[in-house]
$ cat start-v3.cif   # mmCIF, C-alpha atoms
data_coords
#
loop_
_atom_site.label_atom_id
_atom_site.label_comp_id
_atom_site.auth_asym_id
_atom_site.auth_seq_id
_atom_site.Cartn_x
_atom_site.Cartn_y
_atom_site.Cartn_z
CA MET S 1 -19.56 -28.36 20.13
CA ASN S 2 -22.47 -26.13 19.24
CA ASP S 3 -22.39 -23.75 22.20
CA ASP S 4 -21.85 -20.19 21.00
CA LEU S 5 -20.46 -19.15 24.35
CA ALA S 6 -17.90 -21.95 24.32
CA LEU S 7 -16.86 -21.02 20.79
CA ALA S 8 -16.54 -17.38 21.76
CA THR S 9 -14.34 -18.34 24.73
CA LEU S 10 -12.10 -20.37 22.44
CA MET S 11 -11.93 -17.53 19.93
CA ARG S 12 -10.94 -15.05 22.65
CA ALA S 13 -8.18 -17.37 23.81
CA TYR S 14 -7.05 -17.77 20.21
CA GLN S 15 -6.95 -14.00 19.77
CA GLN S 16 -4.68 -13.93 22.80
CA GLY S 17 -2.27 -16.36 21.20
CA SER S 18 -3.42 -19.86 22.20
CA LEU S 19 -2.62 -22.52 19.60
CA GLU S 20 -4.62 -25.08 21.56
CA ALA S 21 -7.67 -22.83 21.34
CA PHE S 22 -7.20 -22.62 17.57
CA GLU S 23 -6.96 -26.39 17.31
CA ARG S 24 -10.13 -26.85 19.34
CA LEU S 25 -11.89 -24.18 17.31
CA HIS S 26 -10.88 -25.98 14.12
CA ALA S 27 -12.13 -29.29 15.49
CA ALA S 28 -15.45 -27.69 16.46
CA LEU S 29 -16.10 -25.75 13.27
CA ALA S 30 -14.45 -27.75 10.46
CA PRO S 31 -17.26 -30.35 10.08
CA GLU S 32 -20.02 -27.80 9.71
CA LEU S 33 -17.90 -25.57 7.50
CA LEU S 34 -17.18 -28.56 5.30
CA ARG S 35 -20.90 -29.15 4.84
CA ALA S 36 -21.45 -25.46 4.10
CA ALA S 37 -18.55 -25.35 1.64
CA ALA S 38 -19.92 -28.41 -0.15
CA ARG S 39 -23.16 -26.49 -0.65
CA GLU S 40 -21.42 -23.23 -1.68
CA ALA S 41 -18.98 -24.83 -4.12
CA ASP S 42 -18.83 -28.58 -4.68
CA PRO S 43 -17.95 -31.53 -2.42
CA VAL S 44 -14.63 -32.13 -4.19
CA ARG S 45 -13.29 -28.65 -3.49
CA ALA S 46 -14.90 -28.23 -0.09
CA PRO S 47 -11.93 -29.41 2.05
CA ASP S 48 -9.58 -27.00 0.27
CA LEU S 49 -12.06 -24.15 0.74
CA VAL S 50 -12.40 -24.88 4.45
CA GLN S 51 -8.62 -24.84 4.97
CA GLU S 52 -8.35 -21.61 2.99
CA ALA S 53 -11.13 -20.13 5.12
CA PHE S 54 -9.26 -21.02 8.31
CA LEU S 55 -6.15 -19.37 6.93
CA GLN S 56 -8.11 -16.18 6.16
CA LEU S 57 -9.74 -16.42 9.56
CA HIS S 58 -6.28 -16.54 11.13
CA ARG S 59 -5.18 -13.41 9.29
CA ALA S 60 -8.40 -11.59 10.13
CA ARG S 61 -8.74 -12.82 13.73
CA HIS S 62 -8.35 -9.31 15.10
CA THR S 63 -11.56 -8.24 13.35
CA TRP S 64 -13.88 -10.47 15.37
CA ASP S 65 -15.78 -8.46 17.97
CA PRO S 66 -15.89 -10.50 21.22
CA GLU S 67 -19.33 -9.08 21.92
CA ARG S 68 -20.82 -10.48 18.73
CA PRO S 69 -21.56 -14.11 17.79
CA LEU S 70 -18.74 -15.98 16.12
CA ARG S 71 -20.54 -17.97 13.44
CA PRO S 72 -21.69 -15.06 11.20
CA TRP S 73 -18.10 -13.84 11.11
CA VAL S 74 -16.73 -17.29 10.24
CA TYR S 75 -19.38 -18.01 7.62
CA ALA S 76 -18.86 -14.62 5.98
CA ILE S 77 -15.19 -15.50 5.52
CA LEU S 78 -16.06 -18.95 4.16
CA ARG S 79 -18.52 -17.48 1.67
CA HIS S 80 -15.94 -14.96 0.53
CA VAL S 81 -13.37 -17.72 0.02
CA ALA S 82 -15.89 -19.81 -1.95
CA VAL S 83 -16.87 -16.88 -4.19
CA ALA S 84 -13.24 -15.97 -4.83
CA ALA S 85 -12.45 -19.60 -5.70
CA ARG S 86 -15.39 -19.76 -8.11
CA ARG S 87 -14.20 -16.60 -9.86
CA ARG S 88 -10.64 -17.91 -10.15
CA HIS S 89 -11.97 -21.16 -11.56
CA ALA S 90 -14.14 -19.35 -14.10
CA ARG S 91 -11.28 -17.05 -15.15
CA ARG S 92 -8.89 -19.97 -15.54
CA PHE S 93 -11.24 -21.91 -17.78
CA ALA S 94 -12.09 -18.81 -19.82
CA ARG S 95 -8.40 -18.26 -20.59
CA GLU S 96 -7.30 -21.83 -21.24
CA VAL S 97 -7.40 -23.67 -24.58
CA PRO S 98 -9.07 -27.09 -24.26
CA LEU S 99 -6.71 -30.06 -24.08
CA ASP S 100 -6.41 -32.48 -27.03
CA ALA S 101 -9.15 -35.08 -27.37
CA GLY S 102 -6.48 -37.78 -26.99
CA ARG S 103 -5.84 -36.59 -23.44
CA GLU S 104 -9.18 -37.68 -22.04
CA PRO S 105 -8.85 -38.97 -18.49
CA VAL S 106 -9.10 -42.72 -17.99
CA ALA S 107 -10.74 -44.70 -15.26
CA PRO S 108 -8.19 -45.92 -12.69
CA ALA S 109 -9.28 -49.51 -13.27
CA THR S 110 -8.05 -49.40 -16.88
CA VAL S 111 -4.52 -48.42 -15.88
CA PRO S 112 -1.94 -50.94 -17.13
CA ALA S 113 -0.90 -52.44 -13.79
CA SER S 114 -1.19 -55.61 -11.78
CA PRO S 115 -4.67 -56.69 -10.66
CA LEU S 116 -3.62 -55.88 -7.09
CA VAL S 117 -2.82 -52.28 -7.97
CA ARG S 118 -5.89 -51.89 -10.19
CA GLY S 119 -8.07 -53.14 -7.37
CA ALA S 120 -6.52 -50.72 -4.90
CA LEU S 121 -6.94 -47.87 -7.37
CA ALA S 122 -10.57 -48.78 -7.92
CA ARG S 123 -11.13 -48.73 -4.15
CA LEU S 124 -9.60 -45.24 -3.99
CA GLY S 125 -12.27 -44.00 -6.33
CA ALA S 126 -11.98 -41.73 -9.37
CA GLU S 127 -11.87 -38.46 -7.42
CA ARG S 128 -8.89 -39.44 -5.30
CA GLY S 129 -7.18 -41.78 -7.74
CA LEU S 130 -7.34 -39.72 -10.94
CA PRO S 131 -4.63 -37.15 -10.11
CA LEU S 132 -2.26 -39.96 -9.11
CA VAL S 133 -3.00 -42.05 -12.21
CA LEU S 134 -2.92 -39.14 -14.65
CA HIS S 135 0.42 -37.94 -13.32
CA HIS S 136 2.33 -41.13 -12.66
CA ALA S 137 0.84 -43.45 -15.28
CA PHE S 138 0.11 -41.06 -18.11
CA GLY S 139 2.60 -38.26 -17.51
CA TRP S 140 0.17 -35.39 -17.18
CA SER S 141 1.54 -32.33 -15.41
CA PHE S 142 -0.27 -31.21 -12.28
CA ARG S 143 -1.26 -28.06 -14.14
CA GLU S 144 -2.99 -30.09 -16.83
CA ILE S 145 -4.66 -32.24 -14.19
CA ALA S 146 -5.87 -29.15 -12.33
CA LEU S 147 -7.33 -27.68 -15.51
CA ARG S 148 -9.03 -30.91 -16.43
CA LEU S 149 -10.55 -31.48 -13.01
CA GLY S 150 -11.35 -27.85 -12.29
CA ILE S 151 -9.23 -27.64 -9.15
CA ALA S 152 -6.16 -25.70 -8.08
CA GLU S 153 -2.76 -27.07 -9.04
CA GLY S 154 -1.82 -27.32 -5.37
CA ALA S 155 -4.97 -29.33 -4.69
CA ALA S 156 -4.07 -31.74 -7.51
CA ARG S 157 -0.63 -32.30 -5.95
CA VAL S 158 -2.12 -32.83 -2.49
CA ARG S 159 -4.68 -35.33 -3.79
CA ALA S 160 -2.03 -37.26 -5.68
CA ALA S 161 0.17 -37.36 -2.57
CA ARG S 162 -2.70 -38.53 -0.37
CA ALA S 163 -3.76 -41.14 -2.92
CA ARG S 164 -0.17 -42.44 -3.11
CA ALA S 165 -0.01 -42.72 0.68
CA GLU S 166 -3.35 -44.52 0.82
CA LEU S 167 -2.31 -46.82 -2.02
CA ARG S 168 0.91 -47.73 -0.19
CA ARG S 169 -1.05 -48.42 2.95
CA GLN S 170 -3.57 -50.64 1.13
CA LEU S 171 -0.92 -52.54 -0.80
CA GLY S 172 1.20 -52.91 2.32
CA GLU S 173 -1.73 -54.45 4.22
CA GLN S 174 -2.56 -56.82 1.38
CA ARG S 175 1.00 -58.11 1.11
CA ARG S 176 1.17 -59.04 4.80
CA MET N 1 -12.56 -36.87 12.98
CA SER N 2 -12.32 -37.58 9.24
CA ALA N 3 -9.24 -36.91 7.11
CA GLU N 4 -11.07 -34.00 5.52
CA THR N 5 -11.72 -32.24 8.84
CA ARG N 6 -8.39 -33.04 10.45
CA LEU N 7 -6.23 -29.95 11.02
CA PRO N 8 -3.51 -30.18 8.36
CA ASP N 9 0.04 -29.93 9.69
CA ALA N 10 0.85 -27.18 7.19
CA LEU N 11 -2.01 -25.02 8.49
CA ARG N 12 -1.10 -25.69 12.13
CA GLU N 13 2.51 -24.69 11.45
CA ARG N 14 1.43 -21.58 9.59
CA VAL N 15 -0.81 -20.51 12.45
CA ALA N 16 1.78 -21.39 15.11
CA ARG N 17 4.39 -19.32 13.27
CA ASP N 18 2.31 -16.17 13.60
CA LEU N 19 0.31 -16.49 16.79
CA ALA N 20 1.06 -13.18 18.47
CA PRO N 21 -1.82 -11.92 20.59
CA VAL N 22 -4.01 -9.47 18.73
CA ARG N 23 -6.13 -6.67 20.06
CA PRO N 24 -9.68 -6.82 18.72
CA LEU N 25 -10.64 -3.89 16.53
CA PRO N 26 -12.64 -1.22 18.31
CA ARG N 27 -16.25 -0.95 17.22
CA ALA N 28 -17.02 0.72 13.90
CA SER N 29 -18.71 3.66 15.66
CA GLN N 30 -15.59 4.28 17.76
CA ARG N 31 -13.41 4.09 14.69
CA ALA N 32 -15.70 6.45 12.78
CA LEU N 33 -15.34 9.00 15.60
CA ARG N 34 -11.60 9.10 14.86
CA LEU N 35 -12.55 10.63 11.53
CA LEU N 36 -14.71 13.33 13.14
CA PRO N 37 -11.86 15.84 13.55
CA ALA N 38 -10.92 15.47 9.87
CA VAL N 39 -14.53 15.98 8.79
CA ALA N 40 -14.91 19.04 11.05
CA LEU N 41 -11.63 20.42 9.73
CA LEU N 42 -12.93 20.24 6.18
CA THR N 43 -16.33 21.72 7.06
CA LEU N 44 -14.94 24.72 8.96
CA GLY N 45 -11.37 24.87 7.72
CA ILE N 46 -12.21 25.43 4.05
CA PRO N 47 -14.18 28.65 4.57
CA ALA N 48 -11.65 29.75 7.20
CA LEU N 49 -8.83 29.24 4.68
CA PHE N 50 -10.47 30.41 1.45
CA GLY N 51 -13.09 32.80 2.80
CA TRP N 52 -16.85 32.66 3.25
CA ARG N 53 -19.20 32.83 0.27
CA GLY N 54 -20.28 36.36 -0.57
CA ASP N 55 -24.01 35.56 -0.64
CA ALA N 56 -24.16 34.03 2.86
CA ALA N 57 -26.43 36.74 4.17
CA ARG N 58 -28.89 36.25 1.29
CA LEU N 59 -28.82 32.46 1.71
CA GLY N 60 -29.93 32.82 5.29
CA ALA N 61 -28.89 31.11 8.49
CA ALA N 62 -30.41 27.70 7.70
CA LEU N 63 -28.72 27.24 4.35
CA VAL N 64 -25.26 28.26 5.51
CA VAL N 65 -23.88 26.37 8.52
CA PRO N 66 -26.81 24.02 9.35
CA ALA N 67 -27.02 22.75 5.76
CA SER N 68 -23.28 22.13 5.75
CA ALA N 69 -23.55 20.48 9.16
CA ALA N 70 -26.16 18.15 7.68
CA LEU N 71 -23.77 17.24 4.87
CA ALA N 72 -20.99 16.69 7.41
CA LEU N 73 -23.24 14.34 9.38
CA MET N 74 -24.08 12.48 6.17
CA ALA N 75 -20.34 12.23 5.57
CA LEU N 76 -19.82 10.65 9.00
CA GLY N 77 -22.71 8.31 8.28
CA ALA N 78 -21.15 7.13 5.04
CA LEU N 79 -17.76 6.68 6.70
CA GLY N 80 -19.36 4.78 9.57
CA ALA N 81 -21.21 2.57 7.10
CA ALA N 82 -17.91 1.85 5.34
CA LEU N 83 -16.27 0.82 8.60
CA VAL N 84 -19.19 -1.45 9.53
CA GLU N 85 -19.27 -3.07 6.09
CA ALA N 86 -15.49 -3.59 6.30
CA VAL N 87 -15.80 -6.16 9.12
CA PRO N 88 -16.50 -9.75 7.97
CA GLY N 89 -19.99 -10.84 8.90
CA ARG N 90 -21.27 -7.27 9.22
CA ALA N 91 -22.31 -6.76 5.59
CA LEU N 92 -24.81 -3.95 5.24
CA GLY N 93 -28.16 -4.85 3.75
CA ARG N 94 -29.68 -3.19 0.73
CA ARG N 95 -31.89 -1.01 2.92
CA ALA N 96 -28.96 0.39 4.88
CA LEU N 97 -26.96 0.97 1.72
CA GLY N 98 -29.99 2.61 0.11
CA LEU N 99 -30.36 4.91 3.12
CA VAL N 100 -26.75 5.96 2.99
CA GLY N 101 -26.54 6.44 -0.77
CA GLY N 102 -30.05 7.76 -1.21
CA GLY N 103 -29.81 10.05 1.78
CA ALA N 104 -26.54 11.51 0.58
CA THR N 105 -27.91 12.07 -2.93
CA LEU N 106 -31.11 13.67 -1.65
CA ALA N 107 -29.22 15.92 0.75
CA PHE N 108 -26.78 17.06 -1.93
CA LEU N 109 -29.50 17.66 -4.51
CA GLY N 110 -31.89 19.22 -2.02
CA ILE N 111 -29.37 21.68 -0.59
CA THR N 112 -28.22 22.54 -4.12
CA ALA N 113 -31.79 23.19 -5.28
CA LEU N 114 -32.72 25.25 -2.21
CA SER N 115 -29.55 27.33 -2.40
CA ALA N 116 -30.17 28.03 -6.09
CA LEU N 117 -33.75 29.02 -5.30
CA VAL N 118 -32.94 31.32 -2.39
CA SER N 119 -29.76 32.87 -3.78
CA PRO N 120 -29.40 32.29 -7.52
CA THR N 121 -25.80 33.01 -8.46
CA ARG N 122 -23.96 32.06 -11.61
CA VAL N 123 -20.39 31.70 -12.76
CA PRO N 124 -19.13 35.07 -14.02
CA PRO N 125 -19.10 35.21 -17.82
CA GLY N 126 -15.84 34.08 -19.40
CA LEU N 127 -14.66 32.33 -16.25
CA GLY N 128 -16.54 29.08 -16.68
CA GLY N 129 -13.45 27.00 -17.33
CA LEU N 130 -11.50 28.44 -14.40
CA PHE N 131 -14.38 28.05 -11.92
CA TRP N 132 -14.98 24.53 -13.13
CA ARG N 133 -11.34 23.51 -12.77
CA VAL N 134 -10.94 25.09 -9.33
CA CYS N 135 -14.22 23.64 -8.03
CA PHE N 136 -13.37 20.17 -9.30
CA ALA N 137 -9.64 19.82 -8.63
CA THR N 138 -9.40 21.55 -5.25
CA PRO N 139 -12.14 19.54 -3.52
CA VAL N 140 -10.64 16.32 -4.89
CA VAL N 141 -7.21 17.24 -3.50
CA LEU N 142 -8.65 18.39 -0.19
CA GLY N 143 -10.63 15.17 0.16
CA LEU N 144 -7.73 12.79 -0.48
CA PRO N 145 -6.21 12.85 3.05
CA LEU N 146 -9.55 11.99 4.68
CA LEU N 147 -10.15 9.36 2.01
CA GLY N 148 -6.73 7.85 2.63
CA LEU N 149 -7.34 7.71 6.38
CA ALA N 150 -10.78 6.14 5.97
CA VAL N 151 -9.49 3.56 3.48
CA PHE N 152 -6.63 2.68 5.85
CA LEU N 153 -9.00 2.19 8.80
CA ALA N 154 -11.31 0.08 6.64
CA HIS N 155 -8.41 -2.03 5.32
CA ARG N 156 -7.44 -2.92 8.90
CA ALA N 157 -10.89 -4.47 9.30
CA TRP N 158 -10.48 -6.95 6.43
CA PRO N 159 -13.27 -5.89 4.03
CA LEU N 160 -14.75 -8.73 2.01
CA ARG N 161 -16.42 -6.28 -0.43
CA PRO N 162 -13.56 -3.79 -0.83
CA THR N 163 -15.02 -1.96 -3.84
CA LEU N 164 -18.18 -1.12 -1.93
CA VAL N 165 -16.25 -0.16 1.20
CA GLY N 166 -13.91 2.09 -0.77
CA ALA N 167 -16.83 3.74 -2.54
CA LEU N 168 -18.47 4.48 0.82
CA CYS N 169 -15.20 5.96 2.08
CA GLY N 170 -15.08 8.12 -1.03
CA LEU N 171 -18.68 9.18 -0.54
CA GLY N 172 -17.90 10.21 3.03
CA ALA N 173 -14.79 12.14 2.01
CA GLY N 174 -16.66 13.80 -0.87
CA LEU N 175 -19.55 14.89 1.32
CA ALA N 176 -17.17 16.21 3.97
CA VAL N 177 -15.35 18.31 1.40
CA GLU N 178 -18.60 19.57 -0.13
CA SER N 179 -19.85 20.56 3.32
CA GLY N 180 -16.96 23.01 3.55
CA TRP N 181 -16.50 23.91 -0.10
CA ARG N 182 -20.08 25.12 -0.47
CA LEU N 183 -19.40 27.60 2.35
CA PHE N 184 -16.72 29.11 0.13
CA CYS N 185 -18.03 28.72 -3.43
CA HIS N 186 -20.76 31.31 -3.94
CA VAL N 187 -22.02 29.84 -7.23
CA SER N 188 -25.36 28.16 -6.59
CA HIS N 189 -26.34 27.42 -10.20
CA PRO N 190 -27.12 23.68 -10.32
CA ALA N 191 -25.16 23.15 -13.54
CA HIS N 192 -21.99 24.30 -11.79
CA VAL N 193 -22.64 22.63 -8.44
CA LEU N 194 -23.76 19.29 -9.89
CA GLY N 195 -21.15 19.45 -12.61
CA ALA N 196 -17.96 20.52 -10.83
CA HIS N 197 -18.70 19.79 -7.16
CA GLY N 198 -20.69 16.68 -8.06
CA LEU N 199 -17.95 15.36 -10.29
CA ALA N 200 -15.39 15.96 -7.54
CA LEU N 201 -17.54 13.89 -5.18
CA ALA N 202 -17.98 11.15 -7.79
CA THR N 203 -14.21 11.14 -8.39
CA LEU N 204 -13.51 10.61 -4.70
CA VAL N 205 -16.03 7.73 -4.70
CA ALA N 206 -14.26 6.14 -7.69
CA VAL N 207 -10.77 6.71 -6.25
CA GLY N 208 -11.89 5.22 -2.93
CA ALA N 209 -13.28 2.13 -4.64
CA VAL N 210 -10.12 1.57 -6.68
CA LEU N 211 -7.81 2.22 -3.73
CA GLN N 212 -9.61 -0.16 -1.39
CA ARG N 213 -9.83 -2.86 -4.03
CA THR N 214 -6.12 -2.49 -4.82
CA LEU N 215 -5.19 -2.84 -1.14
CA ALA N 216 -7.36 -5.94 -0.82
CA ALA N 217 -5.83 -7.49 -3.95
CA ARG N 218 -2.30 -6.84 -2.64
CA ARG N 219 -3.19 -8.54 0.61
CA SER N 220 -4.44 -11.60 -1.34
CA ASP N 221 -1.33 -11.65 -3.52
CA SER N 222 1.01 -11.50 -0.56
CA ARG N 223 -0.23 -14.86 0.82
#
$ encode --input "start-v3.cif" --output "structure tokens"
Amino acid sequence: MNDDLALATLMRAYQQGSLEAFERLHAALAPELLRAAAREADPVRAPDLVQEAFLQLHRARHTWDPERPLRPWVYAILRHVAVAARRRHARRFAREVPLDAGREPVAPATVPASPLVRGALARLGAERGLPLVLHHAFGWSFREIALRLGIAEGAARVRAARARAELRRQLGEQRR
Amino acid sequence: MSAETRLPDALRERVARDLAPVRPLPRASQRALRLLPAVALLTLGIPALFGWRGDAARLGAALVVPASAALALMALGALGAALVEAVPGRALGRRALGLVGGGATLAFLGITALSALVSPTRVPPGLGGLFWRVCFATPVVLGLPLLGLAVFLAHRAWPLRPTLVGALCGLGAGLAVESGWRLFCHVSHPAHVLGAHGLALATLVAVGAVLQRTLAARRSDSR
């Protein structure tokens, strides 16, 4: 949906309390916001930034003027979220002491596991598989993982949970 | 729809939990008009309360009320700019900010210079400290209620650059106070006006910036 008028209609309905309007607005805007967030920050953090932007948008929904276009308002919030995330990331790394050299992350394919599991982990890819492997196979805390990967601790937990679910699904299909 | 663009259940639940209808904010210009009575009260109320400056006749008609009216209008302009900037997506450009800040500075300096030229008056000998303290502290105190109101209105709009917004609120409050205080304070010597009155204005700018930023940080922390 790229019709400004349609978006404005949805936003007005959302301001009046329609959850369906919010869902449709999310469906319409999330893809382009994801692309924008990937440019503002990096592709790995973009989904988290987009969800944070929608949360801020929800809190600030009363500030949108129905007589003005919606996109500048939405993008301003996204940019603010991206800048704030960059600053938090920079502050966190400025404060933290580097981890020991022995705690270098490993590729998922070198994890001591059956070939079936290693294959599934390799298919997940390093970005999705690393938080799961580092936590469950090597005992890293999510805080350490977040510091190492430059993401929020909550994001590390979410990625590990998603990777676990995907791994179960893949392994479940292969066993059938 | 990919997994990355799917609406997460946690976000849907969070939104559904707090989905009361909201009334869109009135336009910035309408909101700025709510501050007009406070600005007018400062411009006219200060001389009504403390008395009119003794050299008003020598200053002449133009440099008494019209000059203060110009400062009051500048004050409303700064407050309006703050309320515009406070709305996401309505960030003021450098030109607009330059106009507001530069215009306010030129007006303050220009009126100070002209007043000193037309009616040169100095602080009485031996009373420098007292005049300085009164002309710094009293305007700051008088400006705080208007500053608080402006910061509150701006906070409702969800400013994404709270330091700038707060500074503009402080500039508006400071100019509004100066528009009235100069109708009372008869000292036109630039050292006194720029020093005491100017510092009071700068203090309100700084307090506004800190206050707005603090409110924005509290909002972020309360997520």
$ residues_around --input "start-v3.cif" --residues "S:Leu70" --least-positions-apart "5" --cutoff "12 Å" --atoms "all atoms listed in the file" --output "MDAnalysis selection string"
(chainID S and resid 2:12 25 29 57 61 63:65 75:77) or (chainID N and resid 88:90)
$ interface_residues --input "start-v3.cif" --of "chain N" --to "chain S" --cutoff "9 Å" --atoms "only C-alpha atoms" --output "ChimeraX atom specification"
/N:1-2,4-8,11-12,14-16,18-27,87-91,156-158,160-161
$ atom_distance --input "start-v3.cif" --atom1 "atom CA of N:Gly98" --atom2 "atom CA of N:Cys169"
15.3 Å
$ resolve_selection --input "start-v3.cif" --expression "the PyMOL selection byres ((chain N and resi 133-150) around 8)" --output "PyMOL selection string"
chain N and resi 35+38-39+42+79+129-132+151-154+169-170+172-174+176-178+181+185+196-197+199-201+203-204+208
$ atom_distance --input "start-v3.cif" --atom1 "atom CA of N:Ser220" --atom2 "atom CA of S:Gly154"
16.4 Å
$ atom_distance --input "start-v3.cif" --atom1 "atom CA of N:Pro162" --atom2 "atom CA of N:Ala40"
25.8 Å
$ resolve_selection --input "start-v3.cif" --expression "the PyMOL selection byres ((chain N and resi 32) around 9)" --output "list of chain:residue names"
N:Arg27, N:Ala28, N:Ser29, N:Gln30, N:Arg31, N:Leu33, N:Arg34, N:Leu35, N:Leu36, N:Leu76, N:Gly77, N:Leu79, N:Gly80, N:Ala81, N:Leu83, N:Ala150, N:Leu153
$ resolve_selection --input "start-v3.cif" --expression "the PyMOL selection byres ((chain S and resi 44) around 12)" --output "list of chain:residue names"
S:Leu34, S:Arg35, S:Ala37, S:Ala38, S:Arg39, S:Glu40, S:Ala41, S:Asp42, S:Pro43, S:Arg45, S:Ala46, S:Pro47, S:Asp48, S:Leu49, S:Val50, S:Ala126, S:Glu127, S:Arg128, S:Leu149, S:Gly150, S:Ile151, S:Ala152, S:Ala155, S:Ala156, S:Arg159, N:Glu4
$ write_last_selection --input "start-v3.cif" --atoms "C-alpha atoms" --output "PDB file, in the frame of the given file"
ATOM      1  CA  LEU S  34     -17.180 -28.560   5.300  1.00  0.00           C
ATOM      2  CA  ARG S  35     -20.900 -29.150   4.840  1.00  0.00           C
ATOM      3  CA  ALA S  37     -18.550 -25.350   1.640  1.00  0.00           C
ATOM      4  CA  ALA S  38     -19.920 -28.410  -0.150  1.00  0.00           C
ATOM      5  CA  ARG S  39     -23.160 -26.490  -0.650  1.00  0.00           C
ATOM      6  CA  GLU S  40     -21.420 -23.230  -1.680  1.00  0.00           C
ATOM      7  CA  ALA S  41     -18.980 -24.830  -4.120  1.00  0.00           C
ATOM      8  CA  ASP S  42     -18.830 -28.580  -4.680  1.00  0.00           C
ATOM      9  CA  PRO S  43     -17.950 -31.530  -2.420  1.00  0.00           C
ATOM     10  CA  ARG S  45     -13.290 -28.650  -3.490  1.00  0.00           C
ATOM     11  CA  ALA S  46     -14.900 -28.230  -0.090  1.00  0.00           C
ATOM     12  CA  PRO S  47     -11.930 -29.410   2.050  1.00  0.00           C
ATOM     13  CA  ASP S  48      -9.580 -27.000   0.270  1.00  0.00           C
ATOM     14  CA  LEU S  49     -12.060 -24.150   0.740  1.00  0.00           C
ATOM     15  CA  VAL S  50     -12.400 -24.880   4.450  1.00  0.00           C
ATOM     16  CA  ALA S 126     -11.980 -41.730  -9.370  1.00  0.00           C
ATOM     17  CA  GLU S 127     -11.870 -38.460  -7.420  1.00  0.00           C
ATOM     18  CA  ARG S 128      -8.890 -39.440  -5.300  1.00  0.00           C
ATOM     19  CA  LEU S 149     -10.550 -31.480 -13.010  1.00  0.00           C
ATOM     20  CA  GLY S 150     -11.350 -27.850 -12.290  1.00  0.00           C
ATOM     21  CA  ILE S 151      -9.230 -27.640  -9.150  1.00  0.00           C
ATOM     22  CA  ALA S 152      -6.160 -25.700  -8.080  1.00  0.00           C
ATOM     23  CA  ALA S 155      -4.970 -29.330  -4.690  1.00  0.00           C
ATOM     24  CA  ALA S 156      -4.070 -31.740  -7.510  1.00  0.00           C
ATOM     25  CA  ARG S 159      -4.680 -35.330  -3.790  1.00  0.00           C
TER      26      ARG S 159
ATOM     27  CA  GLU N   4     -11.070 -34.000   5.520  1.00  0.00           C
TER      28      GLU N   4
END
$ closest_residue --input "start-v3.cif" --among "N:Ala61, N:Ile46, N:Ala202, N:Ala10" --to "N:Leu183" --atoms "only C-alpha atoms"
N:Ile46
$ residues_around --input "start-v3.cif" --residues "N:Leu215" --least-positions-apart "4" --cutoff "8 Å" --atoms "all atoms listed in the file" --output "list in words"
His155, Leu211 and Arg219 of chain N
$ write_last_selection --input "start-v3.cif" --atoms "C-alpha atoms" --output "PDB file, in the frame of the given file"
ATOM      1  CA  HIS N 155      -8.410  -2.030   5.320  1.00  0.00           C
ATOM      2  CA  LEU N 211      -7.810   2.220  -3.730  1.00  0.00           C
ATOM      3  CA  ARG N 219      -3.190  -8.540   0.610  1.00  0.00           C
TER       4      ARG N 219
END
$ residues_near_point --input "start-v3.cif" --point "(-26.5, 24.8, -4.9)" --cutoff "10 Å" --atoms "only C-alpha atoms" --output "number ranges by chain"
N: 63, 108-121, 182, 185-194, 197
$ decode --input "start-v3.cif" --residues "stretch 132-138 of chain S" --atoms "N, CA, C and O atoms" --output "tab-separated table (two decimals), in the first residue's frame"
chain	number	residue	atom	x	y	z
S	132	LEU	N	22.30	-18.68	19.78
S	132	LEU	CA	21.87	-19.98	20.29
S	132	LEU	C	23.08	-20.83	20.66
S	132	LEU	O	23.15	-21.42	21.74
S	133	VAL	N	24.06	-20.89	19.75
S	133	VAL	CA	25.24	-21.72	19.97
S	133	VAL	C	26.06	-21.20	21.15
S	133	VAL	O	26.47	-21.96	22.03
S	134	LEU	N	26.29	-19.88	21.17
S	134	LEU	CA	27.12	-19.32	22.24
S	134	LEU	C	26.48	-19.55	23.61
S	134	LEU	O	27.18	-19.80	24.60
S	135	HIS	N	25.17	-19.50	23.66
S	135	HIS	CA	24.51	-19.65	24.96
S	135	HIS	C	24.40	-21.11	25.38
S	135	HIS	O	24.82	-21.49	26.47
S	136	HIS	N	23.87	-21.92	24.49
S	136	HIS	CA	23.57	-23.30	24.88
S	136	HIS	C	24.78	-24.23	24.80
S	136	HIS	O	24.90	-25.17	25.58
S	137	ALA	N	25.66	-23.99	23.82
S	137	ALA	CA	26.81	-24.88	23.66
S	137	ALA	C	28.03	-24.42	24.45
S	137	ALA	O	28.81	-25.23	24.93
S	138	PHE	N	28.19	-23.11	24.57
S	138	PHE	CA	29.41	-22.61	25.20
S	138	PHE	C	29.15	-21.85	26.50
S	138	PHE	O	30.09	-21.34	27.11
